[in-house]
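Q: Let me begin by handing over the structure; questions about it come next.
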Amino acid sequence: MTEKEYNKCVDLYADNLFRFIVKNLEHGEDARDVVQNAFEILWKHCSDVPLEKAKSYLFTVAYHNMIDHVRKVKRITLVDQFKEEDRVSEQKMHNARSVLEGALNRLSEVQRSLIMLKDYEGYSYEEIGEIMNLNPSQVKVYLHRARTHLKEYLVRIDNVI
């Protein structure tokens with residue numbers, strides 16, 4: 001990959017990559033760091049990565065960096081999230097966007113990433129499997145479970161009103 005092709009990758013994929021990471025991390029500065037690190041790694045390996053594979057390579061590297069970041073700062077504790085789900089919230093949500101964000105926040109990081117890659121970014125099962133080191137059947141099963149969790153949360157009237 002040439003310097004010109006690398007710059008083209010930055011122009012084409014930086015916004016999508018940032019959007020994917022910030023939706024998962026929910027912290028803009030951390031997301032910028034993860035995205036910048038992914039582009040640094042691409043730059044270091046640009047001679048090994050062909051232009052056609054750059055998008056997949058960037059999303060894979062960024063995904064793994066995001067997982068490492070989450071583990072390092074222990075920002076997400078799944079047990080607390082599920083305990084919180086059982087409590088009745090005093091605060092009522094009034095718009096669809098905040099309800100959907102609340103539902104996505106209750107998913108595990110893997111489930112949320114699958115939903116974001118498939119439904120927001122439009123990746124195929126094979127591409128998602130490549131990014132997340134899963135086979136396509138695992139992607140389908142995990143995605144089905146994530147959507148089931150979302151559906152169960154969203155159909156409860158307490159969560160939507």
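Residue numbering restarts at 1 for every chain of the structure tokens, chains are lettered A, B, ... in their displayed order, and ligands are numbered from 1 as they appear.
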Just the residues within 6 Å of Pro136 in chain A, please, counting only C-alpha atoms, with nothing from its chain fewer than 5 positions along; format it as a PyMOL selection string.
A: chain A and resi 125-126+129
Q: Compile the contact shell of Arg145 in chain A as a list in words: residues with an atom at most 12 Å away, counting only C-alpha atoms, same-chain residues fewer than 4 positions apart removed.
A: Leu107, Ser108, Val110, Gln111, Arg112, Leu114, Ile115, Gln138, Val139, Lys140, Val141, His149, Leu150, Lys151 and Glu152 of chain A
Q: Please determine, counting only C-alpha atoms, which residue among A:Arg71, A:Lys55, A:Arg97, A:His64 has the shortest atom-to-atom distance to Leu42 in chain A.
A: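 Residue with the minimum atom-to-atom distance to Leu42 in chain A: A:Lys55.
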Q: Based on the backbone DSSP call, show me all residues of chain A assigned alpha helix (DSSP H), as a ChimeraX atom specification.
A: /A:3-25,28-44,54-73,78-86,96-105,109-115,125-132,136-155,157-160
Q: Could you state the separation of CA of Val34 in chain A and CA of Leu117 in chain A in Å, given to one decimal place?
A: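 A separation of 16.5 Å between them.
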Q: Identify, on the basis of only C-alpha atoms, every residue whose closest approach to Glu130 in chain A does not exceed 10 Å; exclude the query and any residue fewer than 6 positions from it along the same chain; express the result as a list in words.
A: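 Close residues of Glu130 in chain A: Ser56, Tyr57, Phe59, Thr60, Ser124, Pro136 and Val139 of chain A.
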Q: Would you save the residues from that selection as a CSV table (one decimal), in the first residue's frame, using N, CA and C atoms?
A:
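Generated output (out.csv):
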chain,number,residue,atom,x,y,z
A,56,SER,N,-11.2,-4.1,6.3
A,56,SER,CA,-11.3,-5.3,7.2
A,56,SER,C,-10.2,-5.3,8.3
A,57,TYR,N,-9.0,-5.0,7.8
A,57,TYR,CA,-7.8,-5.0,8.7
A,57,TYR,C,-8.0,-3.9,9.8
A,59,PHE,N,-10.8,-2.5,10.9
A,59,PHE,CA,-11.9,-2.8,11.8
A,59,PHE,C,-11.4,-4.0,12.8
A,60,THR,N,-10.7,-4.9,12.3
A,60,THR,CA,-10.2,-6.0,13.1
A,60,THR,C,-9.2,-5.5,14.2
A,124,SER,N,-21.2,-8.4,6.3
A,124,SER,CA,-21.7,-9.8,6.1
A,124,SER,C,-21.3,-10.6,7.3
A,136,PRO,N,-18.6,-18.0,10.8
A,136,PRO,CA,-20.0,-17.4,10.5
A,136,PRO,C,-21.1,-18.0,11.2
A,139,VAL,N,-21.2,-16.3,14.6
A,139,VAL,CA,-21.7,-15.0,14.4
A,139,VAL,C,-23.3,-15.0,14.3
Q: Using only C-alpha atoms, which residue out of A:Val61, A:Ser47, A:Asn37, A:Phe20 lies closest to Asp119 in chain A?
A: A:Phe20
